[in-house]
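Dumped protein.pdb below, it's PDB, C-alpha atoms and all ligand atoms:
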```
ATOM      1  CA  MET A   1       0.116 -62.900  22.283  1.00  0.00           C
ATOM      2  CA  SER A   2      -3.444 -64.030  21.790  1.00  0.00           C
ATOM      3  CA  SER A   3      -6.765 -63.278  23.422  1.00  0.00           C
ATOM      4  CA  TRP A   4     -10.266 -64.680  22.830  1.00  0.00           C
ATOM      5  CA  VAL A   5     -10.009 -63.949  19.074  1.00  0.00           C
ATOM      6  CA  SER A   6      -7.316 -64.754  16.520  1.00  0.00           C
ATOM      7  CA  HIS A   7      -8.436 -62.735  13.481  1.00  0.00           C
ATOM      8  CA  LEU A   8      -7.944 -65.727  11.155  1.00  0.00           C
ATOM      9  CA  PRO A   9     -10.194 -66.155   8.117  1.00  0.00           C
ATOM     10  CA  LYS A  10     -12.906 -68.643   9.091  1.00  0.00           C
ATOM     11  CA  ASP A  11     -13.166 -70.250   5.655  1.00  0.00           C
ATOM     12  CA  VAL A  12      -9.559 -71.529   5.699  1.00  0.00           C
ATOM     13  CA  LYS A  13      -8.752 -74.975   7.041  1.00  0.00           C
ATOM     14  CA  TYR A  14      -5.668 -74.941   9.279  1.00  0.00           C
ATOM     15  CA  LYS A  15      -3.717 -78.042  10.225  1.00  0.00           C
ATOM     16  CA  GLU A  16      -3.225 -76.680  13.714  1.00  0.00           C
ATOM     17  CA  VAL A  17      -3.510 -73.260  15.344  1.00  0.00           C
ATOM     18  CA  ILE A  18      -1.390 -72.882  18.470  1.00  0.00           C
ATOM     19  CA  GLY A  19      -1.997 -69.851  20.658  1.00  0.00           C
ATOM     20  CA  HIS A  20      -0.010 -68.208  23.357  1.00  0.00           C
ATOM     21  CA  GLY A  21      -1.190 -65.614  25.873  1.00  0.00           C
ATOM     22  CA  LEU A  22      -1.436 -64.452  29.435  1.00  0.00           C
ATOM     23  CA  ASN A  23      -5.097 -64.965  30.266  1.00  0.00           C
ATOM     24  CA  ARG A  24      -6.304 -68.577  30.582  1.00  0.00           C
ATOM     25  CA  GLN A  25     -10.035 -67.733  30.354  1.00  0.00           C
ATOM     26  CA  GLU A  26      -9.540 -65.769  27.148  1.00  0.00           C
ATOM     27  CA  LEU A  27      -7.504 -68.527  25.525  1.00  0.00           C
ATOM     28  CA  ILE A  28     -10.055 -71.198  26.484  1.00  0.00           C
ATOM     29  CA  ALA A  29     -12.771 -69.002  24.910  1.00  0.00           C
ATOM     30  CA  ASN A  30     -10.807 -68.673  21.655  1.00  0.00           C
ATOM     31  CA  GLN A  31     -12.600 -70.955  19.170  1.00  0.00           C
ATOM     32  CA  GLN A  32      -9.795 -70.841  16.608  1.00  0.00           C
ATOM     33  CA  LEU A  33      -7.068 -72.340  18.780  1.00  0.00           C
ATOM     34  CA  ASN A  34      -6.414 -76.077  18.839  1.00  0.00           C
ATOM     35  CA  ARG A  35      -4.137 -75.641  21.824  1.00  0.00           C
ATOM     36  CA  HIS A  36      -2.512 -72.905  23.820  1.00  0.00           C
ATOM     37  CA  TRP A  37      -0.007 -72.180  26.537  1.00  0.00           C
ATOM     38  CA  ILE A  38       0.396 -69.402  29.095  1.00  0.00           C
ATOM     39  CA  GLN A  39       3.706 -67.552  29.412  1.00  0.00           C
ATOM     40  CA  ASP A  40       4.804 -64.108  30.503  1.00  0.00           C
ATOM     41  CA  LEU A  41       7.271 -63.303  27.739  1.00  0.00           C
ATOM     42  CA  ASN A  42       8.860 -60.573  29.814  1.00  0.00           C
ATOM     43  CA  ARG A  43       9.914 -63.142  32.408  1.00  0.00           C
ATOM     44  CA  SER A  44      11.121 -65.869  30.043  1.00  0.00           C
ATOM     45  CA  GLN A  45      11.544 -65.829  26.297  1.00  0.00           C
ATOM     46  CA  GLU A  46      12.228 -69.489  25.609  1.00  0.00           C
ATOM     47  CA  LEU A  47       9.220 -70.787  23.681  1.00  0.00           C
ATOM     48  CA  PRO A  48       7.995 -74.373  24.248  1.00  0.00           C
ATOM     49  CA  LEU A  49       7.933 -75.183  20.526  1.00  0.00           C
ATOM     50  CA  GLY A  50      10.415 -77.164  18.455  1.00  0.00           C
ATOM     51  CA  LYS A  51      12.967 -75.815  15.983  1.00  0.00           C
ATOM     52  CA  ASP A  52      11.716 -75.406  12.377  1.00  0.00           C
ATOM     53  CA  THR A  53       8.114 -76.396  13.202  1.00  0.00           C
ATOM     54  CA  ILE A  54       5.829 -73.394  12.548  1.00  0.00           C
ATOM     55  CA  ASP A  55       4.597 -72.209   9.118  1.00  0.00           C
ATOM     56  CA  PHE A  56       3.142 -68.832  10.101  1.00  0.00           C
ATOM     57  CA  ILE A  57       3.695 -66.759  13.219  1.00  0.00           C
ATOM     58  CA  LEU A  58       1.275 -63.921  14.004  1.00  0.00           C
ATOM     59  CA  ILE A  59       1.523 -61.232  16.649  1.00  0.00           C
ATOM     60  CA  VAL A  60      -1.433 -58.834  16.640  1.00  0.00           C
ATOM     61  CA  ALA A  61      -1.307 -55.779  18.894  1.00  0.00           C
ATOM     62  CA  GLY A  62       1.290 -57.383  21.157  1.00  0.00           C
ATOM     63  CA  TRP A  63       4.852 -56.521  20.089  1.00  0.00           C
ATOM     64  CA  GLN A  64       4.790 -53.179  21.926  1.00  0.00           C
ATOM     65  CA  TYR A  65       4.534 -54.993  25.280  1.00  0.00           C
ATOM     66  CA  LEU A  66       7.738 -56.991  24.822  1.00  0.00           C
ATOM     67  CA  GLN A  67      10.588 -55.928  27.080  1.00  0.00           C
ATOM     68  CA  GLU A  68      13.085 -58.395  25.550  1.00  0.00           C
ATOM     69  CA  PRO A  69      12.046 -58.274  21.872  1.00  0.00           C
ATOM     70  CA  GLU A  70      15.515 -59.300  20.621  1.00  0.00           C
ATOM     71  CA  ASN A  71      15.283 -62.623  22.462  1.00  0.00           C
ATOM     72  CA  ILE A  72      11.738 -63.176  21.220  1.00  0.00           C
ATOM     73  CA  ALA A  73      12.733 -62.428  17.609  1.00  0.00           C
ATOM     74  CA  GLU A  74      15.498 -65.051  17.897  1.00  0.00           C
ATOM     75  CA  GLU A  75      13.107 -67.598  19.371  1.00  0.00           C
ATOM     76  CA  LEU A  76      10.549 -66.934  16.641  1.00  0.00           C
ATOM     77  CA  TYR A  77      13.291 -67.477  14.092  1.00  0.00           C
ATOM     78  CA  ARG A  78      14.220 -70.773  15.744  1.00  0.00           C
ATOM     79  CA  ILE A  79      10.653 -72.169  15.732  1.00  0.00           C
ATOM     80  CA  SER A  80       9.818 -70.955  12.216  1.00  0.00           C
ATOM     81  CA  LYS A  81      10.121 -73.473   9.389  1.00  0.00           C
ATOM     82  CA  PRO A  82      12.521 -72.485   6.606  1.00  0.00           C
ATOM     83  CA  ASN A  83      10.421 -70.231   4.322  1.00  0.00           C
ATOM     84  CA  GLY A  84       8.107 -69.617   7.260  1.00  0.00           C
ATOM     85  CA  ILE A  85       6.411 -66.238   7.554  1.00  0.00           C
ATOM     86  CA  LEU A  86       6.266 -63.857  10.493  1.00  0.00           C
ATOM     87  CA  ILE A  87       3.476 -61.243  10.631  1.00  0.00           C
ATOM     88  CA  ILE A  88       3.499 -58.508  13.263  1.00  0.00           C
ATOM     89  CA  SER A  89       0.597 -56.066  13.152  1.00  0.00           C
ATOM     90  CA  PHE A  90      -0.317 -53.095  15.267  1.00  0.00           C
ATOM     91  CA  SER A  91      -2.265 -49.847  15.230  1.00  0.00           C
ATOM     92  CA  ASN A  92      -1.989 -46.530  16.996  1.00  0.00           C
ATOM     93  CA  ARG A  93      -3.504 -47.689  20.262  1.00  0.00           C
ATOM     94  CA  ALA A  94      -1.846 -49.422  23.185  1.00  0.00           C
ATOM     95  CA  PHE A  95      -1.805 -49.650  26.942  1.00  0.00           C
ATOM     96  CA  TRP A  96       0.757 -46.856  26.984  1.00  0.00           C
ATOM     97  CA  ASN A  97       1.861 -47.498  30.564  1.00  0.00           C
ATOM     98  CA  LYS A  98       3.066 -50.964  29.459  1.00  0.00           C
ATOM     99  CA  CYS A  99       5.066 -49.829  26.409  1.00  0.00           C
ATOM    100  CA  PRO A 100       8.783 -49.027  26.258  1.00  0.00           C
ATOM    101  CA  ASN A 101       9.694 -45.392  25.621  1.00  0.00           C
ATOM    102  CA  ILE A 102      10.672 -46.132  22.065  1.00  0.00           C
ATOM    103  CA  TRP A 103       7.040 -47.067  21.404  1.00  0.00           C
ATOM    104  CA  LEU A 104       5.544 -44.376  23.589  1.00  0.00           C
ATOM    105  CA  ASN A 105       7.516 -41.544  21.975  1.00  0.00           C
ATOM    106  CA  GLY A 106       7.909 -42.960  18.474  1.00  0.00           C
ATOM    107  CA  THR A 107       6.024 -42.278  15.275  1.00  0.00           C
ATOM    108  CA  TYR A 108       4.680 -45.224  13.335  1.00  0.00           C
ATOM    109  CA  LYS A 109       7.756 -44.996  11.079  1.00  0.00           C
ATOM    110  CA  GLU A 110       9.957 -45.294  14.133  1.00  0.00           C
ATOM    111  CA  HIS A 111       7.894 -48.283  15.271  1.00  0.00           C
ATOM    112  CA  PHE A 112       8.634 -49.887  11.895  1.00  0.00           C
ATOM    113  CA  GLU A 113      12.358 -49.092  12.199  1.00  0.00           C
ATOM    114  CA  TYR A 114      12.422 -50.495  15.725  1.00  0.00           C
ATOM    115  CA  ILE A 115      10.832 -53.805  14.695  1.00  0.00           C
ATOM    116  CA  ASN A 116      12.792 -54.037  11.426  1.00  0.00           C
ATOM    117  CA  SER A 117      16.158 -53.598  13.116  1.00  0.00           C
ATOM    118  CA  ILE A 118      15.385 -56.270  15.719  1.00  0.00           C
ATOM    119  CA  LEU A 119      14.180 -58.736  13.089  1.00  0.00           C
ATOM    120  CA  ILE A 120      17.267 -58.150  10.944  1.00  0.00           C
ATOM    121  CA  GLY A 121      19.460 -58.773  13.987  1.00  0.00           C
ATOM    122  CA  ALA A 122      17.718 -62.113  14.571  1.00  0.00           C
ATOM    123  CA  GLY A 123      18.230 -63.262  10.973  1.00  0.00           C
ATOM    124  CA  TRP A 124      14.812 -62.541   9.460  1.00  0.00           C
ATOM    125  CA  GLU A 125      14.830 -61.533   5.796  1.00  0.00           C
ATOM    126  CA  ASN A 126      12.552 -59.969   3.158  1.00  0.00           C
ATOM    127  CA  ILE A 127      11.193 -57.527   5.704  1.00  0.00           C
ATOM    128  CA  ARG A 128       8.256 -55.514   4.431  1.00  0.00           C
ATOM    129  CA  ASN A 129       6.289 -52.707   6.050  1.00  0.00           C
ATOM    130  CA  THR A 130       2.667 -51.928   5.262  1.00  0.00           C
ATOM    131  CA  ALA A 131       0.711 -48.885   6.437  1.00  0.00           C
ATOM    132  CA  GLU A 132      -2.948 -48.486   5.553  1.00  0.00           C
ATOM    133  CA  SER A 133      -5.705 -46.190   6.703  1.00  0.00           C
ATOM    134  CA  SER A 134      -9.128 -47.674   7.353  1.00  0.00           C
ATOM    135  CA  LYS A 135     -12.651 -46.421   6.867  1.00  0.00           C
ATOM    136  CA  GLY A 136     -14.457 -45.108   9.893  1.00  0.00           C
ATOM    137  CA  LEU A 137     -17.628 -46.817  11.012  1.00  0.00           C
ATOM    138  CA  TYR A 138     -20.999 -45.481   9.910  1.00  0.00           C
ATOM    139  CA  PRO A 139     -22.158 -42.782  10.635  1.00  0.00           C
ATOM    140  CA  PHE A 140     -18.748 -41.249  11.509  1.00  0.00           C
ATOM    141  CA  ASN A 141     -17.332 -42.075   8.070  1.00  0.00           C
ATOM    142  CA  ILE A 142     -19.796 -39.762   6.341  1.00  0.00           C
ATOM    143  CA  ILE A 143     -18.217 -36.794   8.096  1.00  0.00           C
ATOM    144  CA  GLY A 144     -14.734 -38.043   7.194  1.00  0.00           C
ATOM    145  CA  ILE A 145     -13.730 -39.667  10.481  1.00  0.00           C
ATOM    146  CA  LYS A 146     -11.387 -42.575   9.763  1.00  0.00           C
ATOM    147  CA  GLY A 147     -10.956 -45.866  11.587  1.00  0.00           C
ATOM    148  CA  ASP A 148      -7.773 -47.074  13.252  1.00  0.00           C
ATOM    149  CA  PRO A 149      -4.725 -47.290  10.972  1.00  0.00           C
ATOM    150  CA  PHE A 150      -3.299 -50.716  10.160  1.00  0.00           C
ATOM    151  CA  PHE A 151       0.459 -51.256  10.358  1.00  0.00           C
ATOM    152  CA  CYS A 152       2.135 -54.535   9.556  1.00  0.00           C
ATOM    153  CA  VAL A 153       5.645 -55.985   9.352  1.00  0.00           C
ATOM    154  CA  THR A 154       6.150 -59.253   7.509  1.00  0.00           C
ATOM    155  CA  ALA A 155       9.382 -61.249   7.286  1.00  0.00           C
ATOM    156  CA  ASN A 156      10.707 -64.611   6.085  1.00  0.00           C
ATOM    157  CA  LYS A 157      13.099 -67.162   7.436  1.00  0.00           C
ATOM    158  CA  SER A 158      14.768 -68.029   4.179  1.00  0.00           C
ATOM    159  CA  TYR A 159      17.322 -70.771   4.408  1.00  0.00           C
TER
HETATM  160  C1  LIG A 201      -4.146 -55.795  23.032  1.00  0.00           C
HETATM  161  S1  LIG A 201      -4.057 -57.515  23.429  1.00  0.00           S
HETATM  162  C2  LIG A 201      -4.076 -58.251  21.818  1.00  0.00           C
HETATM  163  C3  LIG A 201      -4.646 -59.614  21.867  1.00  0.00           C
HETATM  164  C4  LIG A 201      -4.843 -60.312  20.535  1.00  0.00           C
HETATM  165  N1  LIG A 201      -3.581 -60.498  19.840  1.00  0.00           N
HETATM  166  C5  LIG A 201      -5.835 -59.559  19.696  1.00  0.00           C
HETATM  167  O1  LIG A 201      -5.469 -59.000  18.673  1.00  0.00           O
HETATM  168  O2  LIG A 201      -7.003 -59.532  20.049  1.00  0.00           O
HETATM  169  C6  LIG A 201      -2.376 -57.691  23.935  1.00  0.00           C
HETATM  170  C7  LIG A 201      -2.002 -59.129  24.286  1.00  0.00           C
HETATM  171  O3  LIG A 201      -0.607 -59.136  24.559  1.00  0.00           O
HETATM  172  C8  LIG A 201      -0.349 -60.187  25.442  1.00  0.00           C
HETATM  173  N2  LIG A 201       0.713 -59.769  26.361  1.00  0.00           N
HETATM  174  C9  LIG A 201       0.895 -58.565  26.934  1.00  0.00           C
HETATM  175  N3  LIG A 201       1.978 -58.573  27.728  1.00  0.00           N
HETATM  176  C10 LIG A 201       2.506 -59.812  27.642  1.00  0.00           C
HETATM  177  C11 LIG A 201       3.608 -60.461  28.245  1.00  0.00           C
HETATM  178  N4  LIG A 201       4.405 -59.823  29.105  1.00  0.00           N
HETATM  179  N5  LIG A 201       3.825 -61.762  27.946  1.00  0.00           N
HETATM  180  C12 LIG A 201       3.023 -62.408  27.100  1.00  0.00           C
HETATM  181  N6  LIG A 201       1.969 -61.873  26.490  1.00  0.00           N
HETATM  182  C13 LIG A 201       1.692 -60.586  26.777  1.00  0.00           C
HETATM  183  C14 LIG A 201      -1.619 -60.557  26.177  1.00  0.00           C
HETATM  184  O4  LIG A 201      -1.875 -61.919  25.940  1.00  0.00           O
HETATM  185  C15 LIG A 201      -2.679 -59.709  25.512  1.00  0.00           C
HETATM  186  O5  LIG A 201      -3.782 -60.504  25.157  1.00  0.00           O
END
```

As a first step, turn the structure in this file into structure tokens.
Ligand SMILES: C[S@@+](CC[C@H](N)C(=O)[O-])C[C@H]1O[C@@H](n2cnc3c(N)ncnc32)[C@H](O)[C@@H]1O
Amino acid sequence: MSSWVSHLPKDVKYKEVIGHGLNRQELIANQQLNRHWIQDLNRSQELPLGKDTIDFILIVAGWQYLQEPENIAEELYRISKPNGILIISFSNRAFWNKCPNIWLNGTYKEHFEYINSILIGAGWENIRNTAESSKGLYPFNIIGIKGDPFFCVTANKSY
């Protein structure tokens, strides 16, 4: 669920970075992707990637737009290599008109529970939740205004 950036450390060498998204121009502009494809995941959830092929799967600020997250979690499990890692991160912002009620009305703990339960149902293991606050940007930080919170779910396919 990528855009024109992929938030990957620039000093790491990756064998291949495959991106998926909705907007062709954004994906072409993304310098970190070796290749990409376009797919509306709310229309079809079958991913055009082979079984047991992907080392790391990242979804940044995207999970809340999925209308069939159970099917996506199963597909992610299928494409992940054994011992592969899934990372789903989000904050407290969203296009609220595009989110399901469970996201719209839920606290961040409920967002964790929602994602955790779906991942467990799809076979993911070692699920961990991380919640961190972030520093506000100068000069707002000097009067105690914080930045956006960081929430993250990680999981393993461990067979
Ligand atoms: C807030 S942006 C986050 C983009 C990128 N991950 C980032 O962190 O900069 C949400 C992304 O979700 C993706 N998205 C939203 N609805 C989608 C859908 N129905 N199917 C596939 N992708 C979708 C779009 O590609 C969009 O770029």

Counting only C-alpha atoms and all ligand atoms, what residues are within 6 Å of ligand LIG 201 (chain A), given as an MDAnalysis selection string? chainID A and resid 1:3 5 21:22 39:42 60:62 65

For the structure shown, which residues end up in the PyMOL selection byres (((chain A and resi 66-70) around 10) and not hetatm)? Put them as a PyMOL selection string, please? chain A and resi 1+40-45+62-65+71-76+98-100+114-115+117-122

Selected by the PyMOL selection byres (((chain A and resi 130-140) around 12) and not hetatm) in the shown coordinates: which residues, as a ChimeraX atom specification? /A:87-92,108-109,111-112,127-129,141-155

Residue with smallest distance to Ser6 (chain A) - pool A:Ile102, A:Ala94, A:Ile57, A:Leu49, counting all atoms listed in the file: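 Nearest candidate to Ser6 (chain A) out of A:Ile102, A:Ala94, A:Ile57, A:Leu49: A:Ile57.
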
Result set of the PyMOL selection byres (((chain A and resi 156) around 10) and not hetatm) on the coordinates above, as an NGL selection string: :A and (56 or 77 or 80-87 or 119 or 123-128 or 154-155 or 157-159)

Expressed in Å, the length from CA of Ile59 (chain A) to CA of His7 (chain A) is 10.6 Å

One number please: CA of Asn34 (chain A) to CA of Glu46 (chain A), in Å, one decimal.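 Separating CA of Asn34 (chain A) from CA of Glu46 (chain A) is a distance of 20.9 Å.
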
Any idea what the distance is between CA of Lys51 (chain A) and CA of Val17 (chain A)?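 Value for the CA of Lys51 (chain A)-CA of Val17 (chain A) distance: 16.7 Å.
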
Env of Ile18 (chain A): 6 Å cut, atoms = only C-alpha atoms, seq-sep filter 2 positions within chain, self excluded. Answer as a ChimeraX atom specification. /A:33-36

Among listed residues A:Gln32, A:Glu113, A:Asn97, A:Gly106, nearest Pro9 (chain A) (using all atoms listed in the file):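 Between A:Gln32, A:Glu113, A:Asn97, A:Gly106, the residue approaching Pro9 (chain A) most closely is A:Gln32.
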